[in-house]
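Trainee: Quick one, my_file-v8.cif (mmCIF, C-alpha atoms and all ligand atoms):
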data_run
loop_
_atom_site.label_atom_id
_atom_site.label_comp_id
_atom_site.auth_asym_id
_atom_site.auth_seq_id
_atom_site.Cartn_x
_atom_site.Cartn_y
_atom_site.Cartn_z
CA MET A 1 33.21 48.12 26.64
CA THR A 2 36.32 47.39 28.68
CA GLU A 3 36.12 46.51 32.33
CA PRO A 4 37.34 49.34 34.54
CA LEU A 5 39.66 48.94 37.47
CA ARG A 6 37.61 48.90 40.67
CA ILE A 7 39.40 49.76 43.87
CA ASP A 8 38.09 49.44 47.40
CA ALA A 9 37.97 53.12 48.38
CA SER A 10 38.23 52.64 52.14
CA SER A 11 41.55 50.83 51.74
CA GLU A 12 42.76 54.11 50.18
CA GLY A 13 41.46 56.09 53.13
CA LEU A 14 38.44 57.34 51.22
CA THR A 15 35.37 56.69 53.32
CA ARG A 16 31.89 58.21 53.10
CA GLU A 17 32.66 60.25 56.23
CA ARG A 18 35.29 62.24 54.36
CA ILE A 19 32.76 63.34 51.78
CA ASP A 20 30.55 66.39 52.09
CA SER A 21 27.17 65.14 53.34
CA ARG A 22 25.37 67.43 50.88
CA ALA A 23 27.14 65.86 47.92
CA LEU A 24 26.12 62.44 49.23
CA GLU A 25 22.52 63.64 49.54
CA VAL A 26 22.61 64.42 45.82
CA THR A 27 24.14 61.11 44.76
CA ASP A 28 21.86 59.13 47.09
CA ALA A 29 18.75 60.86 45.69
CA LEU A 30 19.80 60.15 42.10
CA VAL A 31 20.62 56.50 42.87
CA ALA A 32 17.29 56.09 44.69
CA ALA A 33 15.55 57.40 41.55
CA GLY A 34 17.23 54.64 39.52
CA TYR A 35 20.14 56.56 37.97
CA GLU A 36 23.89 56.09 38.29
CA ALA A 37 25.61 58.81 40.30
CA TYR A 38 29.25 59.22 41.24
CA LEU A 39 31.59 61.79 42.64
CA VAL A 40 34.18 62.71 40.09
CA GLY A 41 37.10 64.93 39.20
CA GLY A 42 39.03 67.15 41.56
CA CYS A 43 37.34 65.90 44.74
CA VAL A 44 38.21 62.24 44.16
CA ARG A 45 41.76 63.15 43.12
CA ASP A 46 42.28 65.39 46.15
CA LEU A 47 40.73 62.94 48.62
CA LEU A 48 43.02 60.17 47.36
CA LEU A 49 45.96 62.53 47.84
CA GLY A 50 44.84 63.27 51.39
CA LYS A 51 43.96 66.88 50.55
CA ASP A 52 40.73 68.73 51.29
CA PRO A 53 38.73 69.10 48.08
CA LYS A 54 37.63 72.58 47.04
CA ASP A 55 34.24 71.33 45.93
CA PHE A 56 32.40 68.11 45.18
CA ASP A 57 31.24 67.44 41.63
CA VAL A 58 28.70 64.78 40.72
CA ALA A 59 28.45 62.85 37.43
CA THR A 60 25.27 60.98 36.60
CA SER A 61 23.43 59.00 33.93
CA ALA A 62 20.39 61.28 34.44
CA THR A 63 19.93 64.02 31.84
CA PRO A 64 19.85 67.61 33.11
CA GLN A 65 16.06 67.51 32.87
CA GLN A 66 15.87 64.27 34.87
CA VAL A 67 18.24 65.71 37.48
CA GLN A 68 15.88 68.65 37.84
CA ASP A 69 12.95 66.27 38.27
CA VAL A 70 14.71 64.37 41.08
CA LEU A 71 16.26 67.23 43.04
CA PRO A 72 14.16 69.99 44.58
CA ARG A 73 16.23 73.13 44.14
CA THR A 74 18.17 73.26 40.88
CA ARG A 75 19.25 75.59 38.15
CA LEU A 76 20.37 74.74 34.63
CA ILE A 77 23.51 76.59 33.64
CA GLY A 78 25.90 76.75 30.68
CA ARG A 79 25.42 76.48 26.96
CA ARG A 80 28.66 75.06 25.66
CA PHE A 81 28.44 72.58 28.49
CA GLN A 82 25.08 72.24 30.25
CA ILE A 83 25.16 71.34 33.91
CA VAL A 84 22.76 71.48 36.81
CA HIS A 85 23.52 73.41 39.96
CA ALA A 86 21.78 71.69 42.84
CA ARG A 87 21.34 73.66 46.02
CA VAL A 88 21.55 71.65 49.23
CA GLY A 89 21.42 73.82 52.33
CA ARG A 90 23.75 76.68 51.51
CA GLU A 91 25.98 74.56 49.31
CA ILE A 92 25.83 74.28 45.52
CA ILE A 93 26.72 70.90 44.07
CA GLU A 94 27.51 70.71 40.35
CA VAL A 95 25.79 67.81 38.65
CA SER A 96 26.82 66.93 35.10
CA THR A 97 25.40 64.26 32.85
CA PHE A 98 27.79 61.62 31.40
CA ARG A 99 29.11 62.84 28.05
CA LYS A 100 30.69 61.18 25.05
CA SER A 101 34.20 61.97 23.89
CA PRO A 102 34.49 63.42 20.36
CA GLU A 103 36.03 60.25 18.87
CA ASP A 104 32.96 58.24 19.88
CA ASP A 105 30.62 59.81 17.38
CA ASP A 106 31.00 60.45 13.65
CA GLY A 107 32.79 63.72 14.34
CA GLY A 108 30.21 65.74 12.43
CA ASP A 109 28.72 68.83 13.99
CA THR A 110 25.17 68.69 15.33
CA ASP A 111 23.08 70.84 17.61
CA LEU A 112 24.68 69.04 20.49
CA ARG A 113 28.29 69.34 19.45
CA ARG A 114 30.01 71.99 17.43
CA HIS A 115 33.66 72.67 16.46
CA ASP A 116 35.21 75.74 14.91
CA SER A 117 37.60 75.73 11.95
CA ASN A 118 40.62 75.14 14.24
CA GLY A 119 39.08 71.97 15.65
CA VAL A 120 38.18 73.69 18.92
CA ILE A 121 35.01 72.35 20.53
CA LEU A 122 32.35 75.02 20.87
CA ARG A 123 29.52 72.95 22.23
CA ASP A 124 29.65 69.63 24.00
CA ASN A 125 26.29 68.25 25.03
CA LEU A 126 26.21 64.77 23.56
CA PHE A 127 25.31 62.46 26.43
CA GLY A 128 26.92 59.06 26.97
CA THR A 129 27.84 56.32 29.44
CA LEU A 130 30.15 56.42 32.45
CA GLU A 131 32.95 54.92 30.36
CA GLU A 132 32.47 57.52 27.62
CA ASP A 133 32.35 60.23 30.25
CA ALA A 134 35.69 59.09 31.65
CA PHE A 135 37.35 59.31 28.22
CA ARG A 136 36.16 62.82 27.46
CA ARG A 137 37.84 64.26 30.59
CA ASP A 138 41.20 66.01 30.45
CA LEU A 139 43.76 64.31 32.67
CA THR A 140 43.69 60.69 33.79
CA ILE A 141 43.93 61.75 37.44
CA ASN A 142 40.80 63.86 36.94
CA ALA A 143 38.79 60.95 35.56
CA LEU A 144 38.45 58.86 38.70
CA TYR A 145 34.93 58.16 39.95
CA TYR A 146 33.87 57.40 43.47
CA ASP A 147 30.84 55.16 43.68
CA PRO A 148 29.22 56.03 47.01
CA THR A 149 26.92 53.00 46.95
CA ASN A 150 29.62 50.34 46.66
CA GLU A 151 32.31 52.57 48.12
CA GLN A 152 34.64 51.92 45.20
CA ILE A 153 36.89 53.95 42.94
CA VAL A 154 36.12 53.29 39.27
CA ASP A 155 39.05 53.87 36.90
CA HIS A 156 38.72 53.51 33.11
CA VAL A 157 41.82 55.44 32.09
CA GLY A 158 44.71 54.42 34.33
CA GLY A 159 44.33 57.51 36.49
CA PHE A 160 44.83 55.64 39.75
CA ASP A 161 48.23 54.41 38.65
CA ASP A 162 49.21 57.90 37.44
CA LEU A 163 48.11 59.39 40.75
CA LYS A 164 50.30 56.93 42.62
CA ASN A 165 53.24 57.75 40.35
CA ASP A 166 52.87 61.54 40.34
CA ARG A 167 52.17 61.63 36.60
CA LEU A 168 50.14 64.09 34.57
CA ARG A 169 48.84 62.32 31.50
CA LEU A 170 46.13 63.43 29.11
CA ILE A 171 43.51 60.90 28.10
CA GLY A 172 43.88 60.03 24.41
CA VAL A 173 46.22 61.64 21.89
CA PRO A 174 47.77 64.74 23.54
CA LYS A 175 47.86 66.90 20.43
CA LEU A 176 44.23 66.20 19.62
CA ARG A 177 43.06 66.78 23.18
CA LEU A 178 44.95 70.05 23.47
CA THR A 179 43.77 71.22 20.07
CA GLU A 180 40.10 70.58 20.71
CA ASP A 181 40.33 72.54 23.95
CA PRO A 182 43.50 74.62 24.36
CA VAL A 183 42.46 75.66 27.87
CA ARG A 184 43.52 72.16 28.91
CA LEU A 185 47.09 73.33 28.55
CA LEU A 186 46.55 75.86 31.33
CA ARG A 187 44.82 73.24 33.45
CA LEU A 188 47.80 70.96 32.94
CA LEU A 189 50.18 73.63 34.23
CA ARG A 190 47.84 74.44 37.10
CA PHE A 191 47.93 70.83 38.29
CA LYS A 192 51.67 70.64 37.82
CA ALA A 193 52.10 73.72 40.01
CA LYS A 194 49.57 72.49 42.54
CA LEU A 195 50.63 68.85 42.83
CA GLY A 196 54.26 68.97 41.71
CA PHE A 197 53.64 66.02 39.34
CA GLU A 198 55.65 65.34 36.18
CA ILE A 199 54.13 66.12 32.79
CA ASP A 200 54.12 63.13 30.44
CA PRO A 201 56.96 63.59 27.87
CA GLU A 202 54.50 62.99 25.01
CA ILE A 203 52.66 66.11 26.12
CA GLU A 204 55.86 68.12 26.52
CA ASP A 205 56.65 67.37 22.88
CA VAL A 206 53.44 68.88 21.53
CA ILE A 207 53.13 71.95 23.76
CA PRO A 208 55.08 74.20 21.36
CA GLU A 209 52.73 73.15 18.54
CA VAL A 210 49.53 73.96 20.37
CA GLN A 211 50.27 76.86 22.68
CA ASP A 212 49.37 79.53 20.12
CA LEU A 213 45.86 78.10 19.99
CA LEU A 214 45.25 79.66 23.40
CA GLN A 215 44.75 82.87 21.48
CA VAL A 216 41.64 81.47 19.88
CA ALA A 217 40.20 80.06 23.10
CA ALA A 218 37.12 81.87 24.37
CA PRO A 219 38.41 84.98 26.17
CA ALA A 220 35.88 84.59 29.00
CA ARG A 221 37.01 81.03 29.75
CA LEU A 222 40.60 82.17 29.71
CA PHE A 223 39.82 84.74 32.36
CA ASP A 224 38.23 82.10 34.59
CA GLU A 225 41.08 79.65 34.14
CA ILE A 226 43.77 82.28 34.62
CA SER A 227 42.10 83.47 37.80
CA LYS A 228 42.21 79.89 39.06
CA LEU A 229 45.87 79.66 38.05
CA PHE A 230 46.81 82.62 40.18
CA MET A 231 44.39 82.38 43.09
CA ASN A 232 45.09 78.84 44.26
CA GLY A 233 48.11 79.56 46.42
CA ARG A 234 50.61 78.45 43.78
CA ALA A 235 50.80 81.59 41.68
CA ALA A 236 54.59 81.94 41.80
CA ALA A 237 55.16 78.35 40.67
CA THR A 238 52.53 78.73 37.96
CA TRP A 239 54.04 81.97 36.71
CA ASN A 240 57.44 80.25 36.37
CA LEU A 241 55.82 77.48 34.37
CA LEU A 242 54.06 79.95 32.08
CA CYS A 243 57.44 81.60 31.48
CA ASP A 244 59.32 78.31 30.99
CA TYR A 245 56.81 77.11 28.42
CA ASP A 246 56.71 80.51 26.67
CA ILE A 247 53.00 80.81 27.29
CA VAL A 248 53.29 84.26 28.86
CA ASN A 249 53.91 85.57 25.35
CA VAL A 250 50.63 84.17 24.15
CA LEU A 251 48.47 85.30 27.05
CA PHE A 252 50.10 88.56 28.05
CA PRO A 253 52.17 89.69 25.07
CA CYS A 254 53.20 92.85 26.94
CA ALA A 255 54.26 91.29 30.25
CA PRO A 256 58.03 90.85 30.63
CA PRO A 257 58.72 87.30 31.89
CA ASP A 258 61.73 88.42 33.92
CA SER A 259 59.93 91.21 35.79
CA ALA A 260 60.83 91.38 39.48
CA LEU A 261 57.55 93.20 40.14
CA ILE A 262 55.50 90.34 38.71
CA ALA A 263 57.48 87.67 40.56
CA ALA A 264 57.04 89.57 43.84
CA ALA A 265 53.31 90.04 43.24
CA MET A 266 52.88 86.30 42.63
CA ALA A 267 54.79 85.43 45.81
CA ASN A 268 52.79 88.02 47.71
CA THR A 269 49.51 86.53 46.45
CA ASP A 270 50.58 83.07 47.59
CA ALA A 271 51.47 84.43 51.03
CA ARG A 272 48.05 86.08 51.29
CA VAL A 273 46.27 82.86 50.29
CA ALA A 274 48.29 80.98 52.91
CA GLU A 275 47.21 83.47 55.57
CA GLY A 276 43.58 83.25 54.48
CA LYS A 277 43.56 86.89 53.31
CA PRO A 278 41.42 87.86 50.32
CA VAL A 279 43.04 87.99 46.88
CA THR A 280 41.71 89.35 43.61
CA PRO A 281 42.71 88.72 40.01
CA GLY A 282 42.36 92.50 39.57
CA PHE A 283 45.59 93.10 41.47
CA LEU A 284 47.57 90.64 39.38
CA PHE A 285 46.21 92.02 36.14
CA ALA A 286 47.28 95.47 37.34
CA VAL A 287 50.79 94.12 37.87
CA LEU A 288 50.94 92.12 34.63
CA LEU A 289 49.79 94.99 32.45
CA TRP A 290 51.68 97.73 34.30
CA PRO A 291 54.71 97.89 31.93
CA ASP A 292 52.40 98.30 28.95
CA PHE A 293 50.41 101.02 30.72
CA LEU A 294 53.62 102.90 31.60
CA ALA A 295 54.92 102.68 28.05
CA ARG A 296 51.63 104.10 26.76
CA CYS A 297 51.71 106.90 29.32
CA HIS A 298 55.12 107.92 28.03
CA GLU A 299 53.94 107.72 24.48
CA LEU A 300 50.89 109.88 25.08
CA ALA A 301 52.54 112.17 27.62
CA GLU A 302 51.00 115.62 27.79
CA PRO A 303 52.42 117.11 30.98
CA ASP A 304 49.62 119.58 31.54
CA LYS A 305 46.90 116.91 31.40
CA PRO A 306 48.41 114.06 33.42
CA LEU A 307 45.16 112.44 34.52
CA GLU A 308 43.56 112.53 31.13
CA PHE A 309 46.46 110.93 29.37
CA SER A 310 46.97 108.23 31.98
CA SER A 311 43.29 107.42 31.83
CA ARG A 312 43.51 107.05 28.06
CA ALA A 313 46.64 104.94 28.36
CA ALA A 314 44.87 102.65 30.84
CA ASP A 315 41.87 102.23 28.56
CA GLU A 316 44.11 101.36 25.64
CA THR A 317 46.16 98.78 27.55
CA LEU A 318 43.01 97.12 28.86
CA ARG A 319 41.25 97.22 25.50
CA LEU A 320 44.07 95.40 23.74
CA GLN A 321 44.35 92.74 26.45
CA GLN A 322 40.60 92.07 26.20
CA HIS A 323 41.12 90.53 22.73
CA ILE A 324 42.87 87.61 24.39
CA ILE A 325 41.43 87.49 27.91
CA ALA A 326 38.02 88.94 28.72
CA VAL A 327 38.62 90.75 31.99
CA PRO A 328 35.18 91.48 33.48
CA ARG A 329 34.40 95.13 33.95
CA ARG A 330 34.63 95.15 37.72
CA PHE A 331 38.20 93.87 37.50
CA SER A 332 39.29 96.14 34.67
CA GLN A 333 37.92 99.05 36.67
CA PHE A 334 39.94 97.82 39.65
CA VAL A 335 43.07 97.74 37.51
CA LYS A 336 42.53 101.23 36.16
CA GLU A 337 41.81 102.76 39.56
CA THR A 338 44.84 101.10 41.11
CA TRP A 339 47.04 102.57 38.38
CA LEU A 340 45.53 106.04 38.46
CA LEU A 341 45.94 106.26 42.23
CA GLN A 342 49.70 105.69 41.98
CA GLN A 343 50.51 109.28 41.17
CA ARG A 344 48.24 110.56 43.92
CA LEU A 345 49.99 108.31 46.41
CA ILE A 346 53.44 109.34 45.28
CA GLN A 347 52.66 113.06 45.52
CA PRO A 348 49.99 113.29 48.20
CA LYS A 349 48.54 116.66 49.06
CA SER A 350 47.56 117.50 52.61
CA LYS A 351 44.15 118.57 51.37
CA GLY A 352 41.73 115.82 50.37
CA MET A 353 43.63 113.14 52.25
CA GLY A 354 40.41 111.72 53.69
CA THR A 355 38.98 111.12 50.22
CA LEU A 356 42.18 109.48 49.06
CA VAL A 357 42.46 107.14 52.05
CA GLY A 358 38.75 106.35 51.84
CA HIS A 359 38.96 105.44 48.15
CA PRO A 360 37.83 101.83 47.68
CA ARG A 361 41.06 101.11 45.80
CA PHE A 362 43.36 102.91 48.24
CA ARG A 363 44.56 99.72 49.93
CA ALA A 364 45.28 97.99 46.62
CA ALA A 365 47.08 101.07 45.33
CA TYR A 366 49.19 101.21 48.51
CA ASP A 367 50.08 97.50 48.23
CA PHE A 368 50.99 98.12 44.61
CA LEU A 369 53.24 101.04 45.57
CA LEU A 370 54.96 98.89 48.21
CA LEU A 371 55.69 96.22 45.62
CA ARG A 372 57.06 98.78 43.18
CA ALA A 373 59.28 100.24 45.89
CA GLU A 374 60.52 96.81 46.96
CA THR A 375 61.38 95.65 43.48
CA GLU A 376 62.00 97.94 40.58
CA GLU A 377 61.70 101.50 41.84
CA GLU A 378 63.67 102.02 45.02
CA HIS A 379 63.20 105.77 44.88
CA LEU A 380 59.58 105.16 45.91
CA LYS A 381 60.62 103.54 49.18
CA GLU A 382 60.56 106.72 51.20
CA ARG A 383 57.03 107.53 50.10
CA ALA A 384 55.86 103.95 50.61
CA ASP A 385 57.24 104.04 54.18
CA TRP A 386 55.54 107.36 54.75
CA TRP A 387 52.21 105.74 53.84
CA THR A 388 52.88 102.79 56.09
CA ARG A 389 53.51 105.16 58.99
CA TYR A 390 50.48 107.25 58.09
CA GLN A 391 48.15 104.28 58.25
CA GLU A 392 49.58 103.08 61.54
CA SER A 393 49.35 106.51 63.19
CA ASP A 394 46.67 108.06 65.37
CA GLU A 395 44.95 111.26 64.31
CA ASP A 396 47.51 113.64 65.86
CA ALA A 397 50.44 111.85 64.34
CA GLN A 398 48.65 111.77 61.00
CA ALA A 399 48.17 115.54 61.15
CA GLN A 400 51.89 115.89 61.76
CA LEU A 401 52.72 113.66 58.82
CA ARG A 402 50.39 115.68 56.65
CA GLY A 403 52.20 118.81 57.84
CA GLN A 404 55.41 117.43 56.37
CA LEU A 405 53.81 117.52 52.95
CA GLY A 406 53.30 121.25 53.01
CA THR A 407 51.45 122.91 50.23
CA LYS A 408 52.64 122.40 46.77
CA PRO A 409 54.69 125.41 45.65
CA ARG A 410 53.27 127.15 42.64
CA ARG A 411 55.16 126.36 39.53
CA ARG A 412 56.80 129.45 38.24
CA ARG A 413 57.87 129.56 34.69
CA ARG A 414 61.52 130.20 34.64
CA ARG A 415 63.29 131.28 31.58
CA ARG A 416 66.19 129.13 30.77
CA SER A 417 69.30 131.17 30.78
CA LYS A 418 71.36 130.77 27.74
CA PRO A 419 74.34 128.54 28.25
CA ALA A 420 77.56 130.41 28.50
CA GLN A 421 79.27 130.56 25.21
P1 LIG B 501 39.79 71.91 41.16
O1 LIG B 501 40.40 71.29 42.35
O2 LIG B 501 40.51 73.11 40.70
O3 LIG B 501 38.29 72.11 41.25
P2 LIG B 501 39.00 70.02 39.15
O4 LIG B 501 39.76 68.91 38.50
O5 LIG B 501 37.82 69.63 39.96
O6 LIG B 501 40.03 70.85 39.99
P3 LIG B 501 37.16 71.59 37.64
O7 LIG B 501 37.42 72.77 36.78
O8 LIG B 501 36.31 71.72 38.84
O9 LIG B 501 38.58 71.03 38.03
O10 LIG B 501 36.59 70.46 36.67
C1 LIG B 501 35.96 69.28 37.16
C2 LIG B 501 36.31 68.09 36.27
O11 LIG B 501 35.80 68.31 34.95
C3 LIG B 501 37.81 67.86 36.06
O12 LIG B 501 38.35 67.10 37.11
C4 LIG B 501 37.84 67.14 34.74
O13 LIG B 501 37.52 65.78 34.91
C5 LIG B 501 36.70 67.79 33.99
N1 LIG B 501 37.17 68.91 33.16
C6 LIG B 501 37.25 70.20 33.53
N2 LIG B 501 37.70 70.97 32.53
C7 LIG B 501 37.88 70.15 31.48
C8 LIG B 501 38.31 70.33 30.14
N3 LIG B 501 38.65 71.53 29.71
N4 LIG B 501 38.37 69.24 29.34
C9 LIG B 501 38.01 68.02 29.80
N5 LIG B 501 37.61 67.78 31.03
C10 LIG B 501 37.54 68.82 31.88
MG MG B 502 36.41 70.97 40.91
#
Will you turn the file into structure tokens for me?
Ligand code: ATP
Ligand code: MG

Mentor:
Amino acid sequence: MTEPLRIDASSEGLTRERIDSRALEVTDALVAAGYEAYLVGGCVRDLLLGKDPKDFDVATSATPQQVQDVLPRTRLIGRRFQIVHARVGREIIEVSTFRKSPEDDDGGDTDLRRHDSNGVILRDNLFGTLEEDAFRRDLTINALYYDPTNEQIVDHVGGFDDLKNDRLRLIGVPKLRLTEDPVRLLRLLRFKAKLGFEIDPEIEDVIPEVQDLLQVAAPARLFDEISKLFMNGRAAATWNLLCDYDIVNVLFPCAPPDSALIAAAMANTDARVAEGKPVTPGFLFAVLLWPDFLARCHELAEPDKPLEFSSRAADETLRLQQHIIAVPRRFSQFVKETWLLQQRLIQPKSKGMGTLVGHPRFRAAYDFLLLRAETEEEHLKERADWWTRYQESDEDAQAQLRGQLGTKPRRRRRRRSKPAQ
């Protein structure tokens, strides 16, 4: 065992007062029961950077069972990676038991750890010491522990130095760490976009060799990680990184990296996050998969059954994307509805307006139309403006706007006259 670097936390501005009292309740209870307990990961990193942490995660020497014996209201979750969710007041604190890194055992598969044929870890429940736990984490800056009893930062991996020097470094051999869990590549880009740190050149070198492995990562995890990538207020920066590193191709084979619509949607999402407005991954998936949906609509086009063919096109686009990223049903439904409402918004009919405006996806579909009009399809601008006015108007003015629509003239079949010879 090597001695870790121990840093007086208060000299770095990290005092107990800055930590969520409920997280401290958890660590204090575990320490009182004779276990080690630390805060770890994103919260320590963010506190040292003077940012407000999103959540507070606890790492402990107690096994999940022992954690459940010490804390009153808990739930065991996860299979690949078992953790305990401890409820304190209305807050949930994640408590994970120290784990070993793969190099620390014989590498063979057991009930507690399993790899697939690509070397990807499928299960990771081999418990270990604090030091071992530090080495199994992804980035050095995410492997800093705060010891609330001695009020110290414990650093086994040089993370403190990297944090001070704005460096993103993986613990261990980059190629191995990215191979055993390709999702780490997305995490790396997320932190680069969030913190503006430099990626270690050794990692840069191996990215082209490992990026295709993202296709074999569990589709459900990819959805979670991609949602985090785009919902954290740095979507535009992240999207640029995904394009620069050619990862868009792997995740969204049908999304054009140079799309003005996508860039605008990312910027728009960031603006919404900054204003505290709600954002949903559904909207961004609708934008990312839109070109593929349109292409399929054209392919399937049957002019007399417009709704049926667009519905089939939507299902097909979503089905193929699911092989890579498992978009949960409520979001894929969101995507489909947003798409199918486009035509109804572009050619509104005065009848049935109430149902259209009251549709749960109306607002998303309107936002989507605005983005299309602002970026790639200027001819939609007039209609988009009409909708903006409609929503801002009182009932009388709305009736007038509806009057402008008129009733749709019946289509008369006209014989084409023969061109003059
Ligand atoms: P955020 O601010 O987004 O919560 P975070 O670093 O806390 O960032 P989490 O996903 O909450 O990210 O993960 C908590 C900690 O678990 C990380 O800081 C890291 O130490 C470890 N970790 C998470 N994912 C991985 C992974 N794929 N491989 C290794 N360690 C990981
Ligand atoms: Mg976290």

Trainee: Using all atoms listed in the file, which protein or nucleic acid residues are at most 8 Å from ligand MG 502 (chain B), as a tab-separated table (two decimals) with C-alpha atoms, keeping the file's coordinate frame?

Mentor:
chain	number	residue	atom	x	y	z
A	41	GLY	CA	37.10	64.93	39.20
A	42	GLY	CA	39.03	67.15	41.56
A	43	CYS	CA	37.34	65.90	44.74
A	53	PRO	CA	38.73	69.10	48.08
A	54	LYS	CA	37.63	72.58	47.04
A	55	ASP	CA	34.24	71.33	45.93
A	56	PHE	CA	32.40	68.11	45.18
A	57	ASP	CA	31.24	67.44	41.63

Trainee: So, with only C-alpha atoms and all ligand atoms as the atoms that count, which of A:Ala9, A:Leu170, A:Val84, A:Ala29 lies closest to ligand LIG 501 (chain B)?

Mentor: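 The answer is A:Leu170, which sits nearest to ligand LIG 501 (chain B).
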
Trainee: Using all atoms listed in the file, which of A:Gly34, A:Pro182, A:Pro72, A:Gly50 sits nearest ligand LIG 501 (chain B)?

Mentor: A:Pro182

Trainee: Between atom CA of A:His85 and atom CA of A:Arg73, what is the distance, to one decimal in Å?

Mentor: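 If I compute the distance from atom CA of A:His85 to atom CA of A:Arg73, I get 8.4 Å.
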
Trainee: Put a box with edges along x, y and z around all the listed atoms of ligand LIG 501 (chain B), pad it by 8 Å on each side, then give me its centre and sizes in Å, one decimal, as AutoDock Vina command-line options.

Mentor:
--center_x 38.2 --center_y 69.4 --center_z 35.8 --size_x 20.7 --size_y 23.3 --size_z 29.0

Trainee: What residues of the protein or nucleic acid chains come within 10 Å of ligand LIG 501 (chain B) when you use only C-alpha atoms and all ligand atoms? Reply as JSON, numbers by chain.

Mentor: {"A": [40, 41, 42, 43, 44, 45, 46, 51, 52, 53, 54, 55, 56, 57, 58, 59, 94, 96, 101, 121, 133, 134, 135, 136, 137, 138, 139, 140, 141, 142, 143, 144, 145, 170, 171, 177, 178, 180, 181, 182, 183, 184, 185, 186, 187, 188, 190, 191, 194, 221, 224, 225, 228, 229, 232]}

Trainee: Check the smallest atom-to-atom distance from each of A:Arg329, A:Arg383, A:His323, A:Arg402 to A:Lys349 using all atoms listed in the file, then report the winner.

Mentor: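 So, comparing all the options, the nearest one is A:Arg402.
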
Trainee: Of the candidates A:Asn240, A:Leu126, A:Pro328, A:Val357, which one gets nearest to A:Phe223 if we count only C-alpha atoms?

Mentor: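 The answer is A:Pro328, which sits nearest to A:Phe223.
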
Trainee: Can I get stretch 388-392 of chain A with all heavy atoms filled in, as a PDB file, in the frame of the given file?

Mentor:
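This went into out16.pdb:
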ATOM      1  N   THR A 388      53.013 103.841  55.074  1.00  0.00           N
ATOM      2  CA  THR A 388      52.880 102.790  56.090  1.00  0.00           C
ATOM      3  C   THR A 388      52.728 103.466  57.456  1.00  0.00           C
ATOM      4  O   THR A 388      51.831 103.120  58.234  1.00  0.00           O
ATOM      5  CB  THR A 388      54.139 101.887  56.084  1.00  0.00           C
ATOM      6  OG1 THR A 388      54.339 101.437  54.749  1.00  0.00           O
ATOM      7  CG2 THR A 388      53.993 100.703  57.017  1.00  0.00           C
ATOM      8  N   ARG A 389      53.590 104.444  57.712  1.00  0.00           N
ATOM      9  CA  ARG A 389      53.510 105.160  58.990  1.00  0.00           C
ATOM     10  C   ARG A 389      52.159 105.870  59.107  1.00  0.00           C
ATOM     11  O   ARG A 389      51.520 105.830  60.155  1.00  0.00           O
ATOM     12  CB  ARG A 389      54.650 106.188  59.101  1.00  0.00           C
ATOM     13  CG  ARG A 389      55.823 105.650  59.926  1.00  0.00           C
ATOM     14  CD  ARG A 389      56.915 106.684  60.050  1.00  0.00           C
ATOM     15  NE  ARG A 389      57.626 106.802  58.769  1.00  0.00           N
ATOM     16  CZ  ARG A 389      57.942 107.958  58.180  1.00  0.00           C
ATOM     17  NH1 ARG A 389      57.639 109.107  58.736  1.00  0.00           N
ATOM     18  NH2 ARG A 389      58.588 107.967  57.034  1.00  0.00           N
ATOM     19  N   TYR A 390      51.739 106.490  58.057  1.00  0.00           N
ATOM     20  CA  TYR A 390      50.480 107.250  58.090  1.00  0.00           C
ATOM     21  C   TYR A 390      49.311 106.355  58.511  1.00  0.00           C
ATOM     22  O   TYR A 390      48.500 106.729  59.348  1.00  0.00           O
ATOM     23  CB  TYR A 390      50.201 107.873  56.714  1.00  0.00           C
ATOM     24  CG  TYR A 390      49.056 108.850  56.734  1.00  0.00           C
ATOM     25  CD1 TYR A 390      49.250 110.170  57.154  1.00  0.00           C
ATOM     26  CD2 TYR A 390      47.768 108.460  56.365  1.00  0.00           C
ATOM     27  CE1 TYR A 390      48.200 111.070  57.204  1.00  0.00           C
ATOM     28  CE2 TYR A 390      46.710 109.355  56.406  1.00  0.00           C
ATOM     29  CZ  TYR A 390      46.935 110.664  56.829  1.00  0.00           C
ATOM     30  OH  TYR A 390      45.883 111.555  56.879  1.00  0.00           O
ATOM     31  N   GLN A 391      49.283 105.162  57.947  1.00  0.00           N
ATOM     32  CA  GLN A 391      48.150 104.280  58.250  1.00  0.00           C
ATOM     33  C   GLN A 391      48.217 103.724  59.660  1.00  0.00           C
ATOM     34  O   GLN A 391      47.209 103.352  60.247  1.00  0.00           O
ATOM     35  CB  GLN A 391      48.091 103.136  57.242  1.00  0.00           C
ATOM     36  CG  GLN A 391      47.698 103.622  55.860  1.00  0.00           C
ATOM     37  CD  GLN A 391      47.799 102.512  54.849  1.00  0.00           C
ATOM     38  OE1 GLN A 391      46.870 101.765  54.646  1.00  0.00           O
ATOM     39  NE2 GLN A 391      48.964 102.389  54.234  1.00  0.00           N
ATOM     40  N   GLU A 392      49.446 103.636  60.187  1.00  0.00           N
ATOM     41  CA  GLU A 392      49.580 103.080  61.540  1.00  0.00           C
ATOM     42  C   GLU A 392      49.413 104.153  62.612  1.00  0.00           C
ATOM     43  O   GLU A 392      49.403 103.845  63.800  1.00  0.00           O
ATOM     44  CB  GLU A 392      50.964 102.427  61.685  1.00  0.00           C
ATOM     45  CG  GLU A 392      51.081 101.132  60.892  1.00  0.00           C
ATOM     46  CD  GLU A 392      52.517 100.657  60.729  1.00  0.00           C
ATOM     47  OE1 GLU A 392      53.440 101.411  61.140  1.00  0.00           O
ATOM     48  OE2 GLU A 392      52.715  99.545  60.204  1.00  0.00           O
TER      49      GLU A 392
END
